[in-house]
>>> print(open('coords-v4.tsv').read())   # TSV, C-alpha atoms and all ligand atoms
chain	number	residue	atom	x	y	z
A	1	MET	CA	0.00	0.00	0.00
A	2	VAL	CA	2.76	2.37	0.94
A	3	VAL	CA	4.63	1.58	-2.26
A	4	ARG	CA	1.52	2.18	-4.36
A	5	LEU	CA	0.70	5.42	-2.58
A	6	ARG	CA	4.23	6.76	-2.94
A	7	ALA	CA	4.31	5.80	-6.61
A	8	ALA	CA	1.10	7.80	-7.09
A	9	GLY	CA	2.75	10.84	-5.51
A	10	ALA	CA	1.22	10.69	-2.03
A	11	VAL	CA	3.12	12.23	0.88
A	12	LEU	CA	3.01	9.96	3.93
A	13	LEU	CA	2.94	11.86	7.20
A	14	GLY	CA	3.11	9.11	9.81
A	15	LYS	CA	1.31	6.37	11.68
A	16	THR	CA	-1.93	6.81	13.58
A	17	ASN	CA	-3.22	5.40	16.85
A	18	THR	CA	-5.26	2.19	16.97
A	19	ASP	CA	-6.55	-0.37	19.40
A	20	GLU	CA	-3.91	-3.00	20.11
A	21	PHE	CA	-3.95	-5.52	17.23
A	22	ALA	CA	-7.05	-3.67	15.93
A	23	MET	CA	-9.17	-5.20	18.70
A	24	GLY	CA	-11.64	-2.63	19.91
A	25	SER	CA	-14.25	-0.07	18.95
A	26	SER	CA	-13.00	3.04	20.73
A	27	THR	CA	-9.17	3.18	20.42
A	28	GLU	CA	-9.08	2.94	24.22
A	29	ASN	CA	-7.31	-0.44	23.92
A	30	SER	CA	-4.32	1.34	22.41
A	31	ALA	CA	-0.96	0.44	23.97
A	32	PHE	CA	-0.08	4.16	23.85
A	33	PHE	CA	-3.04	6.34	24.88
A	34	ALA	CA	-6.69	6.89	24.04
A	35	THR	CA	-7.50	9.09	21.04
A	36	HIS	CA	-10.21	11.71	21.58
A	37	ASN	CA	-13.01	12.57	19.16
A	38	PRO	CA	-12.44	16.00	17.51
A	39	TRP	CA	-16.20	16.71	17.75
A	40	ASP	CA	-16.20	16.27	21.53
A	41	LEU	CA	-12.97	15.63	23.34
A	42	GLU	CA	-14.73	13.72	26.12
A	43	ARG	CA	-15.85	11.13	23.60
A	44	VAL	CA	-14.21	8.27	21.72
A	45	PRO	CA	-13.41	8.54	18.00
A	46	GLY	CA	-14.54	4.92	17.51
A	47	GLY	CA	-12.12	2.17	16.65
A	48	SER	CA	-10.02	0.43	15.99
A	49	SER	CA	-8.86	2.96	13.36
A	50	GLY	CA	-9.81	5.85	15.68
A	51	GLY	CA	-6.47	7.61	15.23
A	52	SER	CA	-6.92	7.65	11.46
A	53	ALA	CA	-10.51	8.89	11.69
A	54	ALA	CA	-9.69	11.61	14.22
A	55	ALA	CA	-6.70	12.81	12.19
A	56	VAL	CA	-8.82	13.18	9.04
A	57	ALA	CA	-11.75	14.79	10.88
A	58	ALA	CA	-9.42	17.27	12.59
A	59	ASP	CA	-7.85	18.23	9.22
A	60	GLU	CA	-4.44	16.94	10.27
A	61	CYS	CA	-4.17	15.08	6.98
A	62	LEU	CA	-6.06	14.63	3.74
A	63	ALA	CA	-6.83	10.95	4.14
A	64	ALA	CA	-5.77	7.94	6.16
A	65	LEU	CA	-5.77	4.16	5.99
A	66	GLY	CA	-7.10	1.59	8.40
A	67	THR	CA	-8.05	-2.05	8.48
A	68	ASP	CA	-11.61	-3.26	8.81
A	69	THR	CA	-12.10	-6.72	10.30
A	70	GLY	CA	-15.49	-6.05	11.87
A	71	GLY	CA	-16.07	-2.36	11.24
A	72	SER	CA	-12.85	-0.62	12.21
A	73	VAL	CA	-12.85	1.72	9.23
A	74	ARG	CA	-16.59	2.40	8.89
A	75	GLN	CA	-17.48	2.80	12.59
A	76	PRO	CA	-14.79	5.41	13.43
A	77	ALA	CA	-15.60	7.21	10.16
A	78	SER	CA	-19.22	7.37	11.26
A	79	LEU	CA	-18.36	8.61	14.76
A	80	CYS	CA	-15.98	11.28	13.40
A	81	GLY	CA	-18.21	12.53	10.56
A	82	ILE	CA	-16.07	11.39	7.62
A	83	VAL	CA	-16.20	8.80	4.82
A	84	GLY	CA	-14.97	5.25	5.54
A	85	LEU	CA	-14.73	2.65	2.78
A	86	LYS	CA	-14.19	-1.07	3.32
A	87	PRO	CA	-13.71	-2.73	-0.06
A	88	THR	CA	-14.56	-6.34	-0.94
A	89	TYR	CA	-12.48	-8.97	0.85
A	90	GLY	CA	-9.39	-9.42	-1.34
A	91	ARG	CA	-9.66	-6.08	-3.15
A	92	ILE	CA	-6.57	-4.49	-1.58
A	93	SER	CA	-3.32	-6.30	-0.83
A	94	ARG	CA	-2.65	-7.02	2.83
A	95	TYR	CA	1.09	-7.38	2.28
A	96	GLY	CA	2.91	-5.80	5.22
A	97	LEU	CA	-0.11	-5.85	7.50
A	98	ILE	CA	-0.23	-7.59	10.86
A	99	ALA	CA	-2.98	-10.19	10.62
A	100	TYR	CA	-5.87	-10.08	13.08
A	101	ALA	CA	-8.57	-12.38	11.64
A	102	SER	CA	-7.39	-13.49	8.23
A	103	SER	CA	-10.75	-14.42	6.73
A	104	LEU	CA	-12.17	-10.98	7.59
A	105	ASP	CA	-9.34	-8.41	7.45
A	106	GLN	CA	-9.41	-5.86	4.65
A	107	VAL	CA	-7.68	-2.51	4.19
A	108	GLY	CA	-9.95	0.53	3.99
A	109	THR	CA	-9.76	4.27	3.50
A	110	LEU	CA	-10.81	7.20	5.69
A	111	THR	CA	-11.38	10.38	3.71
A	112	LYS	CA	-13.17	13.72	3.84
A	113	ASP	CA	-15.39	12.91	0.89
A	114	VAL	CA	-16.43	10.16	-1.51
A	115	ALA	CA	-14.31	11.40	-4.42
A	116	ASP	CA	-11.17	11.00	-2.30
A	117	ALA	CA	-12.28	7.46	-1.38
A	118	ALA	CA	-12.65	6.63	-5.09
A	119	LEU	CA	-9.27	8.15	-5.87
A	120	LEU	CA	-7.50	6.17	-3.14
A	121	LEU	CA	-9.21	2.91	-4.05
A	122	GLU	CA	-8.08	3.32	-7.65
A	123	VAL	CA	-4.50	3.51	-6.43
A	124	LEU	CA	-4.70	0.75	-3.83
A	125	ALA	CA	-6.92	-1.91	-5.40
A	126	GLY	CA	-5.72	-4.84	-7.48
A	127	ARG	CA	-3.80	-8.08	-7.42
A	128	ASP	CA	-0.49	-8.14	-5.58
A	129	PRO	CA	1.71	-11.20	-6.10
A	130	ARG	CA	2.93	-10.82	-2.49
A	131	ASP	CA	-0.56	-11.46	-1.08
A	132	SER	CA	-2.17	-14.67	-2.32
A	133	THR	CA	-5.56	-13.52	-0.98
A	134	SER	CA	-5.55	-10.38	-3.14
A	135	ALA	CA	-7.88	-11.02	-6.05
A	136	ASP	CA	-7.16	-10.78	-9.74
A	137	VAL	CA	-10.31	-8.80	-10.52
A	138	ALA	CA	-10.28	-5.82	-12.87
A	139	VAL	CA	-10.15	-2.43	-11.13
A	140	PRO	CA	-12.48	0.10	-12.77
A	141	ARG	CA	-11.77	3.82	-12.88
A	142	TYR	CA	-13.92	4.61	-9.88
A	143	THR	CA	-13.52	8.37	-10.21
A	144	ALA	CA	-14.94	8.28	-13.75
A	145	GLY	CA	-18.24	6.67	-12.70
A	146	LEU	CA	-19.00	8.77	-9.63
A	147	ALA	CA	-21.47	11.23	-11.10
A	148	LYS	CA	-23.83	8.75	-12.78
A	149	GLY	CA	-26.55	9.41	-10.18
A	150	VAL	CA	-28.93	6.97	-8.53
A	151	ARG	CA	-31.97	7.19	-10.79
A	152	GLY	CA	-33.41	3.72	-11.20
A	153	LEU	CA	-31.03	2.09	-8.72
A	154	ARG	CA	-32.76	-0.17	-6.21
A	155	LEU	CA	-31.82	0.42	-2.57
A	156	GLY	CA	-32.87	-2.01	0.15
A	157	VAL	CA	-33.21	-0.81	3.74
A	158	ILE	CA	-32.48	-3.56	6.26
A	159	ARG	CA	-35.61	-3.93	8.34
A	160	GLU	CA	-33.95	-5.80	11.23
A	161	TRP	CA	-31.40	-3.03	11.69
A	162	LEU	CA	-33.88	-0.14	11.61
A	163	GLU	CA	-36.07	-1.92	14.14
A	164	HIS	CA	-33.16	-2.91	16.37
A	165	PRO	CA	-33.81	-1.98	20.03
A	166	GLY	CA	-30.22	-0.73	20.42
A	167	LEU	CA	-30.61	1.86	17.63
A	168	ASP	CA	-30.41	5.43	18.97
A	169	SER	CA	-33.51	7.46	18.02
A	170	GLY	CA	-31.39	10.33	16.65
A	171	VAL	CA	-29.53	7.91	14.38
A	172	ALA	CA	-32.84	6.42	13.21
A	173	VAL	CA	-34.22	9.87	12.33
A	174	ALA	CA	-31.06	10.85	10.42
A	175	LEU	CA	-31.28	7.62	8.47
A	176	GLN	CA	-34.92	8.08	7.55
A	177	GLU	CA	-34.18	11.59	6.30
A	178	ALA	CA	-31.30	10.23	4.23
A	179	MET	CA	-33.62	7.69	2.60
A	180	LYS	CA	-36.02	10.49	1.67
A	181	THR	CA	-33.15	12.37	0.04
A	182	LEU	CA	-32.15	9.29	-1.96
A	183	MET	CA	-35.74	8.76	-3.10
A	184	ALA	CA	-35.91	12.39	-4.19
A	185	LEU	CA	-32.79	11.72	-6.27
A	186	GLY	CA	-34.63	8.94	-8.09
A	187	ALA	CA	-33.56	5.82	-6.21
A	188	GLU	CA	-36.15	3.08	-5.72
A	189	VAL	CA	-36.26	2.27	-2.03
A	190	GLN	CA	-37.67	-0.92	-0.56
A	191	ASP	CA	-37.26	-3.02	2.58
A	192	VAL	CA	-34.98	-6.03	2.67
A	193	THR	CA	-34.63	-8.58	5.40
A	194	LEU	CA	-31.55	-10.30	6.80
A	195	PRO	CA	-33.13	-12.97	9.02
A	196	HIS	CA	-29.85	-14.17	10.54
A	197	SER	CA	-28.73	-10.66	11.62
A	198	ASP	CA	-28.97	-11.46	15.31
A	199	TYR	CA	-26.33	-14.17	14.98
A	200	ALA	CA	-23.69	-11.93	13.42
A	201	LEU	CA	-22.22	-10.70	16.70
A	202	PRO	CA	-21.83	-14.13	18.39
A	203	VAL	CA	-20.54	-15.64	15.14
A	204	TYR	CA	-17.97	-12.86	14.72
A	205	TYR	CA	-16.82	-13.16	18.33
A	206	LEU	CA	-16.09	-16.84	17.77
A	207	ILE	CA	-14.44	-16.62	14.36
A	208	ALA	CA	-12.39	-13.44	14.88
A	209	PRO	CA	-10.86	-14.52	18.23
A	210	ALA	CA	-10.25	-18.05	16.86
A	211	GLU	CA	-8.27	-16.69	13.92
A	212	ALA	CA	-6.57	-14.10	16.14
A	213	SER	CA	-5.45	-16.74	18.64
A	214	SER	CA	-3.82	-18.61	15.79
A	215	ASN	CA	-2.27	-15.50	14.17
A	216	LEU	CA	-0.91	-14.18	17.47
A	217	ALA	CA	0.74	-17.50	18.35
A	218	ARG	CA	3.81	-16.21	16.52
A	219	TYR	CA	4.35	-13.66	19.29
A	220	ASP	CA	6.36	-16.03	21.47
A	221	GLY	CA	9.44	-13.85	21.92
A	222	VAL	CA	11.61	-16.11	19.76
A	223	ALA	CA	11.48	-15.12	16.12
A	224	TYR	CA	8.89	-12.38	15.98
A	225	GLY	CA	8.01	-9.21	17.84
A	226	PHE	CA	8.54	-8.22	21.47
A	227	ARG	CA	10.67	-10.35	23.81
A	228	ALA	CA	10.48	-10.13	27.62
A	229	SER	CA	13.80	-10.17	29.48
A	230	GLY	CA	14.96	-12.23	32.44
A	231	ALA	CA	13.55	-15.64	31.52
A	232	VAL	CA	15.60	-18.67	32.65
A	233	ASP	CA	14.23	-21.13	30.10
A	234	ILE	CA	12.17	-21.21	26.91
A	235	TRP	CA	8.87	-21.88	28.69
A	236	GLU	CA	9.34	-18.91	30.92
A	237	LEU	CA	10.30	-16.82	27.90
A	238	PHE	CA	7.01	-17.72	26.17
A	239	ALA	CA	4.94	-17.09	29.28
A	240	ARG	CA	6.62	-13.80	30.21
A	241	THR	CA	6.64	-12.44	26.68
A	242	ARG	CA	2.96	-13.15	26.17
A	243	GLY	CA	2.02	-12.18	29.72
A	244	VAL	CA	3.74	-8.79	29.57
A	245	GLY	CA	3.44	-8.12	25.84
A	246	PHE	CA	-0.32	-8.40	25.31
A	247	GLY	CA	-2.97	-6.09	26.78
A	248	ALA	CA	-6.11	-7.29	28.57
A	249	GLU	CA	-8.45	-7.31	25.54
A	250	VAL	CA	-5.95	-9.18	23.38
A	251	LYS	CA	-5.49	-11.80	26.09
A	252	ARG	CA	-9.26	-12.15	26.42
A	253	ARG	CA	-9.54	-12.84	22.69
A	254	ILE	CA	-6.65	-15.30	22.67
A	255	MET	CA	-8.32	-17.25	25.46
A	256	LEU	CA	-11.73	-17.15	23.78
A	257	GLY	CA	-10.28	-18.19	20.44
A	258	THR	CA	-8.10	-20.96	21.83
A	259	TYR	CA	-11.12	-22.34	23.65
A	260	ALA	CA	-13.31	-22.22	20.54
A	261	LEU	CA	-10.66	-24.10	18.54
A	262	SER	CA	-9.79	-26.71	21.16
A	263	ALA	CA	-10.49	-30.39	20.61
A	264	GLY	CA	-13.98	-31.17	21.81
A	265	TYR	CA	-15.27	-27.62	21.34
A	266	TYR	CA	-14.25	-27.05	17.73
A	267	ASP	CA	-17.43	-28.61	16.30
A	268	GLN	CA	-19.64	-27.02	18.91
A	269	TYR	CA	-18.34	-23.46	18.50
A	270	TYR	CA	-15.98	-22.78	15.59
A	271	LYS	CA	-17.59	-25.09	13.05
A	272	LYS	CA	-21.09	-24.02	14.07
A	273	ALA	CA	-20.06	-20.36	13.71
A	274	GLN	CA	-18.74	-21.05	10.19
A	275	GLN	CA	-22.04	-22.69	9.26
A	276	VAL	CA	-24.05	-19.71	10.51
A	277	ARG	CA	-21.65	-17.41	8.66
A	278	THR	CA	-22.75	-19.14	5.46
A	279	LEU	CA	-26.39	-18.39	6.34
A	280	ILE	CA	-25.54	-14.72	6.96
A	281	LYS	CA	-23.90	-14.53	3.54
A	282	ALA	CA	-26.93	-16.22	1.97
A	283	ASP	CA	-29.19	-13.53	3.49
A	284	PHE	CA	-27.20	-10.90	1.60
A	285	ASP	CA	-27.22	-12.95	-1.61
A	286	ARG	CA	-31.00	-13.06	-1.42
A	287	ALA	CA	-31.22	-9.32	-0.74
A	288	PHE	CA	-29.05	-8.61	-3.79
A	289	GLU	CA	-31.49	-10.51	-6.00
A	290	ALA	CA	-33.99	-7.72	-5.30
A	291	VAL	CA	-31.79	-4.63	-4.87
A	292	ASP	CA	-28.48	-3.18	-6.06
A	293	VAL	CA	-27.31	-1.71	-2.75
A	294	VAL	CA	-28.29	-2.54	0.82
A	295	VAL	CA	-28.59	0.34	3.31
A	296	GLY	CA	-28.49	0.65	7.09
A	297	PRO	CA	-26.92	2.60	9.91
A	298	THR	CA	-23.15	2.25	10.43
A	299	SER	CA	-23.12	2.51	14.21
A	300	PRO	CA	-26.15	2.07	16.49
A	301	VAL	CA	-25.15	5.15	18.50
A	302	PRO	CA	-23.13	8.34	18.01
A	303	ALA	CA	-19.74	8.65	19.76
A	304	PHE	CA	-19.95	7.45	23.36
A	305	LYS	CA	-17.94	8.87	26.28
A	306	LEU	CA	-14.36	7.83	26.95
A	307	GLY	CA	-14.37	5.27	29.74
A	308	GLU	CA	-18.08	4.49	29.32
A	309	ARG	CA	-17.72	1.04	27.77
A	310	VAL	CA	-14.07	0.14	28.16
A	311	ASP	CA	-14.63	-2.05	31.23
A	312	ASP	CA	-17.62	-3.81	29.72
A	313	PRO	CA	-16.50	-5.88	26.72
A	314	LEU	CA	-20.05	-6.87	25.75
A	315	GLN	CA	-21.16	-3.23	25.53
A	316	MET	CA	-18.06	-2.49	23.47
A	317	TYR	CA	-18.80	-5.41	21.11
A	318	LEU	CA	-22.31	-4.02	20.52
A	319	ALA	CA	-20.76	-1.00	18.78
A	320	ASP	CA	-20.19	-3.32	15.79
A	321	ILE	CA	-23.61	-4.91	15.35
A	322	PHE	CA	-24.23	-3.24	12.00
A	323	THR	CA	-20.75	-3.56	10.54
A	324	ILE	CA	-19.57	-7.11	11.27
A	325	SER	CA	-21.99	-9.04	9.06
A	326	VAL	CA	-20.48	-7.21	6.08
A	327	ASN	CA	-17.06	-8.67	6.93
A	328	LEU	CA	-18.55	-12.11	7.57
A	329	ALA	CA	-20.02	-11.97	4.05
A	330	GLY	CA	-16.87	-10.42	2.51
A	331	LEU	CA	-18.80	-7.52	0.98
A	332	PRO	CA	-17.79	-3.92	0.23
A	333	ALA	CA	-19.42	-1.12	2.26
A	334	ILE	CA	-19.04	2.60	2.77
A	335	SER	CA	-20.07	4.91	5.61
A	336	VAL	CA	-20.99	8.49	4.69
A	337	PRO	CA	-22.00	11.37	7.02
A	338	CYS	CA	-25.81	11.67	7.12
A	339	GLY	CA	-26.55	14.11	9.91
A	340	PHE	CA	-26.13	14.72	13.59
A	341	ALA	CA	-27.65	13.36	16.79
A	342	ASP	CA	-27.02	15.43	19.93
A	343	ASP	CA	-24.47	17.47	17.93
A	344	LEU	CA	-22.49	14.32	17.14
A	345	PRO	CA	-21.98	12.97	13.60
A	346	VAL	CA	-24.04	10.05	12.31
A	347	GLY	CA	-23.12	7.80	9.36
A	348	ILE	CA	-25.22	5.91	6.82
A	349	GLN	CA	-23.86	2.62	5.52
A	350	PHE	CA	-24.21	1.45	1.92
A	351	ILE	CA	-23.37	-2.21	1.30
A	352	GLY	CA	-22.69	-3.59	-2.18
A	353	ARG	CA	-22.32	-6.80	-4.15
A	354	PRO	CA	-18.85	-8.35	-4.16
A	355	TRP	CA	-16.43	-6.29	-6.33
A	356	ASP	CA	-19.09	-3.67	-6.99
A	357	GLU	CA	-17.46	-0.77	-5.17
A	358	ALA	CA	-18.26	1.35	-8.22
A	359	THR	CA	-22.02	1.31	-7.54
A	360	LEU	CA	-21.44	1.93	-3.84
A	361	LEU	CA	-19.28	4.96	-4.56
A	362	ARG	CA	-21.83	6.22	-7.06
A	363	VAL	CA	-24.68	6.07	-4.51
A	364	ALA	CA	-22.52	7.60	-1.79
A	365	TYR	CA	-21.42	10.39	-4.11
A	366	ALA	CA	-24.97	11.21	-5.20
A	367	TYR	CA	-26.10	11.34	-1.58
A	368	GLU	CA	-23.13	13.43	-0.50
A	369	HIS	CA	-23.70	15.94	-3.28
A	370	ALA	CA	-27.34	16.37	-2.33
A	371	THR	CA	-26.41	17.14	1.29
A	372	SER	CA	-23.88	19.28	3.14
A	373	TRP	CA	-23.07	17.06	6.13
A	374	HIS	CA	-19.58	16.30	4.86
A	375	THR	CA	-18.70	19.99	4.78
A	376	ARG	CA	-19.24	20.48	8.52
A	377	LYS	CA	-16.10	20.61	10.60
A	378	PRO	CA	-15.58	20.20	14.32
A	379	LYS	CA	-14.46	23.23	16.29
A	380	ILE	CA	-11.12	22.04	17.52
A	381	LEU	CA	-10.75	22.77	21.23
A	382	THR	CA	-8.04	21.86	23.67
A	383	VAL	CA	-8.79	19.36	26.43
A	384	ALA	CA	-9.30	22.38	28.73
A	385	GLY	CA	-12.09	23.51	26.36
A	386	LYS	CA	-10.24	26.48	24.86
A	387	PRO	CA	-10.03	27.11	21.08
B	1	LIG	N1	-14.43	-3.77	16.99
B	1	LIG	C1	-14.24	-5.03	16.32
B	1	LIG	C2	-13.29	-5.87	17.10
B	1	LIG	O1	-12.90	-5.48	18.14
B	1	LIG	C3	-13.73	-4.80	14.91
B	1	LIG	C4	-12.34	-4.39	14.92
B	1	LIG	C5	-11.76	-4.27	13.54
B	1	LIG	O2	-12.47	-4.17	12.55
B	1	LIG	N2	-10.45	-4.32	13.50
B	1	LIG	O3	-12.93	-6.94	16.71
>>> encode(input="coords-v4.tsv", output="structure tokens", more="lines below")
Ligand code: GLN
Amino acid sequence: MVVRLRAAGAVLLGKTNTDEFAMGSSTENSAFFATHNPWDLERVPGGSSGGSAAAVAADECLAALGTDTGGSVRQPASLCGIVGLKPTYGRISRYGLIAYASSLDQVGTLTKDVADAALLLEVLAGRDPRDSTSADVAVPRYTAGLAKGVRGLRLGVIREWLEHPGLDSGVAVALQEAMKTLMALGAEVQDVTLPHSDYALPVYYLIAPAEASSNLARYDGVAYGFRASGAVDIWELFARTRGVGFGAEVKRRIMLGTYALSAGYYDQYYKKAQQVRTLIKADFDRAFEAVDVVVGPTSPVPAFKLGERVDDPLQMYLADIFTISVNLAGLPAISVPCGFADDLPVGIQFIGRPWDEATLLRVAYAYEHATSWHTRKPKILTVAGKP
């Protein structure tokens, strides 16, 4: 990615903050410090790519990259009022990335508008011989197709998500307004149903930790990564390195994942989760027989307060209920600003058919150009509240 960006003339400014191993929804699991949301410094920017989202929202850079395993590009984009694109699984090379959950991870972009997302995807997408999971699928000129409009396109609103009890009323209102705007632009809007929606969260929290526990096994202090000092033998070296080197959330996931993969539980948990994953994907396949793009909220709530969920993993996991099924199904999706709830940004999520980022970008662009949400900027204050 870096090579492609540099070759296209991009100037790389630095690295941004993230939850440790991209595990989290608030950037509070960072090994360095928590990132604050530029719209309200007492609130989280989302996560795990919260550093990237905050940097773009605060105008510190033009665009940023992140990875999206269960929502980590779209959810922080939504909470920071910017555009977050997660392409189809396999669209962008993962060469050079640290793997979290290999069957879900995909690189995404965080930008100020849809045109920038199209521009970046054009540069980043495409087969890379150094990543065998990167697909050999033609990359269209996304920027050329942006302005085609939405007239005649069929959009399907996910009923289960709009009726979800965890959906904030302000987010629901913003979404309904956005659908009206899209209808006024000529889109045909109908309901779609994803009957296995409720299983997405438990399925994700079996599959992602299982794959993470396997991927993170390489952090044993011998050939890869951090090594703890003072061990008298190899067993102590493993134990110390992993005991000191990983944070609490990462350890929790390693334990969950190791358990789900262990003999005797594999069929009961991991295999079952894979089977339900297939049903979740089939729900989307059915929806795409009737519509071209599926629509829903990105995050159930606007940015929550720092510290509010960090000690309650289940509450934190709920931040991803509307983003993870997209990763489980391997689909492309984009989050675009669609209003405010309690003065905090809200995002609308468009989900597309595999490899059809072009239609997604086209819908997002049409919506963005009919609204002015993306032009609003946070007033940047210091932590003490001064400009
Ligand atoms: N919040 C989700 C998790 O903790 C997704 C993270 C991500 O997409 N990297 O796993």
>>> closest_residue(input="coords-v4.tsv", among="A:Arg130, A:Gly221, A:Tyr89, A:Glu249", to="A:Glu236", atoms="only C-alpha atoms")
A:Gly221
>>> residues_around(input="coords-v4.tsv", residues="stretch 365-370 of chain A", least_positions_apart="3", cutoff="10 Å", atoms="all atoms listed in the file", output="tab-separated table (two decimals) with C-alpha atoms, in the frame of the given file")
chain	number	residue	atom	x	y	z
A	83	VAL	CA	-16.20	8.80	4.82
A	113	ASP	CA	-15.39	12.91	0.89
A	114	VAL	CA	-16.43	10.16	-1.51
A	115	ALA	CA	-14.31	11.40	-4.42
A	117	ALA	CA	-12.28	7.46	-1.38
A	118	ALA	CA	-12.65	6.63	-5.09
A	145	GLY	CA	-18.24	6.67	-12.70
A	146	LEU	CA	-19.00	8.77	-9.63
A	147	ALA	CA	-21.47	11.23	-11.10
A	148	LYS	CA	-23.83	8.75	-12.78
A	149	GLY	CA	-26.55	9.41	-10.18
A	150	VAL	CA	-28.93	6.97	-8.53
A	151	ARG	CA	-31.97	7.19	-10.79
A	178	ALA	CA	-31.30	10.23	4.23
A	179	MET	CA	-33.62	7.69	2.60
A	181	THR	CA	-33.15	12.37	0.04
A	182	LEU	CA	-32.15	9.29	-1.96
A	184	ALA	CA	-35.91	12.39	-4.19
A	185	LEU	CA	-32.79	11.72	-6.27
A	336	VAL	CA	-20.99	8.49	4.69
A	337	PRO	CA	-22.00	11.37	7.02
A	338	CYS	CA	-25.81	11.67	7.12
A	359	THR	CA	-22.02	1.31	-7.54
A	360	LEU	CA	-21.44	1.93	-3.84
A	361	LEU	CA	-19.28	4.96	-4.56
A	362	ARG	CA	-21.83	6.22	-7.06
A	373	TRP	CA	-23.07	17.06	6.13
A	374	HIS	CA	-19.58	16.30	4.86
A	375	THR	CA	-18.70	19.99	4.78
>>> residues_around(input="coords-v4.tsv", residues="A:Arg252", least_positions_apart="4", cutoff="12 Å", atoms="all atoms listed in the file", output="PyMOL selection string")
chain A and resi 23-24+205-206+209-210+212-213+243+246-248+256-259+313
>>> residues_near_ligand(input="coords-v4.tsv", ligand="ligand LIG 1 (chain B)", cutoff="7 Å", atoms="all atoms listed in the file", output="list in words")
Ala22, Met23, Gly24, Ser25, Gly47, Ser48, Thr67, Asp68, Thr69, Gly70, Gly71, Ser72, Val73, Ala208, Tyr317 and Asp320 of chain A
>>> closest_residue(input="coords-v4.tsv", among="A:Val44, A:Val203, A:Ala138, A:Ala217", to="A:Arg277", atoms="all atoms listed in the file")
A:Val203
>>> residues_around(input="coords-v4.tsv", residues="stretch 355-357 of chain A", least_positions_apart="2", cutoff="12 Å", atoms="only C-alpha atoms", output="JSON, numbers by chain")
{"A": [85, 86, 87, 88, 89, 90, 91, 92, 108, 114, 117, 118, 121, 122, 125, 126, 135, 136, 137, 138, 139, 140, 141, 142, 143, 145, 146, 288, 292, 293, 330, 331, 332, 333, 334, 350, 351, 352, 353, 359, 360, 361, 362, 363, 364, 365]}
>>> atom_distance(input="coords-v4.tsv", atom1="atom CA of A:Gly170", atom2="atom CA of A:Met183")
20.3 Å
>>> atom_distance(input="coords-v4.tsv", atom1="atom CA of A:Phe322", atom2="atom CA of A:Gly347")
11.4 Å
>>> closest_residue(input="coords-v4.tsv", among="A:Asp19, A:Val3, A:Glu42, A:Gly225", to="A:Asp128", atoms="only C-alpha atoms")
A:Val3
>>> atom_distance(input="coords-v4.tsv", atom1="atom CA of A:Met316", atom2="atom CA of A:Val244")
23.5 Å
>>> closest_residue(input="coords-v4.tsv", among="A:Gln176, A:Gly264, A:His36, A:Ala99", to="A:Tyr219", atoms="all atoms listed in the file")
A:Ala99
>>> residues_around(input="coords-v4.tsv", residues="A:Ile321", least_positions_apart="5", cutoff="9 Å", atoms="all atoms listed in the file", output="PyMOL selection string")
chain A and resi 70-71+161+197-198+200-201+298-300
>>> write_last_selection(input="coords-v4.tsv", atoms="C-alpha atoms", output="PDB file, in the coordinates of the input")
ATOM      1  CA  GLY A  70     -15.490  -6.050  11.870  1.00  0.00           C
ATOM      2  CA  GLY A  71     -16.070  -2.360  11.240  1.00  0.00           C
ATOM      3  CA  TRP A 161     -31.400  -3.030  11.690  1.00  0.00           C
ATOM      4  CA  SER A 197     -28.730 -10.660  11.620  1.00  0.00           C
ATOM      5  CA  ASP A 198     -28.970 -11.460  15.310  1.00  0.00           C
ATOM      6  CA  ALA A 200     -23.690 -11.930  13.420  1.00  0.00           C
ATOM      7  CA  LEU A 201     -22.220 -10.700  16.700  1.00  0.00           C
ATOM      8  CA  THR A 298     -23.150   2.250  10.430  1.00  0.00           C
ATOM      9  CA  SER A 299     -23.120   2.510  14.210  1.00  0.00           C
ATOM     10  CA  PRO A 300     -26.150   2.070  16.490  1.00  0.00           C
TER      11      PRO A 300
END
>>> closest_residue(input="coords-v4.tsv", among="A:Trp39, A:Tyr270, A:Phe284, A:Phe304", to="A:Ser26", atoms="all atoms listed in the file")
A:Phe304
>>> closest_residue(input="coords-v4.tsv", among="A:Leu162, A:Leu41, A:Ala77, A:Ala54", to="A:Pro297", atoms="all atoms listed in the file")
A:Leu162
>>> decode(input="coords-v4.tsv", residues="stretch 335-351 of chain A", atoms="C-alpha atoms", output="JSON list (two decimals), in the first residue's frame")
[["chain", "number", "residue", "atom", "x", "y", "z"],
["A", 335, "SER", "CA", -20.07, 4.91, 5.61],
["A", 336, "VAL", "CA", -20.99, 8.49, 4.69],
["A", 337, "PRO", "CA", -22.00, 11.37, 7.02],
["A", 338, "CYS", "CA", -25.81, 11.67, 7.12],
["A", 339, "GLY", "CA", -26.55, 14.11, 9.91],
["A", 340, "PHE", "CA", -26.13, 14.72, 13.59],
["A", 341, "ALA", "CA", -27.65, 13.36, 16.79],
["A", 342, "ASP", "CA", -27.02, 15.43, 19.93],
["A", 343, "ASP", "CA", -24.47, 17.47, 17.93],
["A", 344, "LEU", "CA", -22.49, 14.32, 17.14],
["A", 345, "PRO", "CA", -21.98, 12.97, 13.60],
["A", 346, "VAL", "CA", -24.04, 10.05, 12.31],
["A", 347, "GLY", "CA", -23.12, 7.80, 9.36],
["A", 348, "ILE", "CA", -25.22, 5.91, 6.82],
["A", 349, "GLN", "CA", -23.86, 2.62, 5.52],
["A", 350, "PHE", "CA", -24.21, 1.45, 1.92],
["A", 351, "ILE", "CA", -23.37, -2.21, 1.30]]
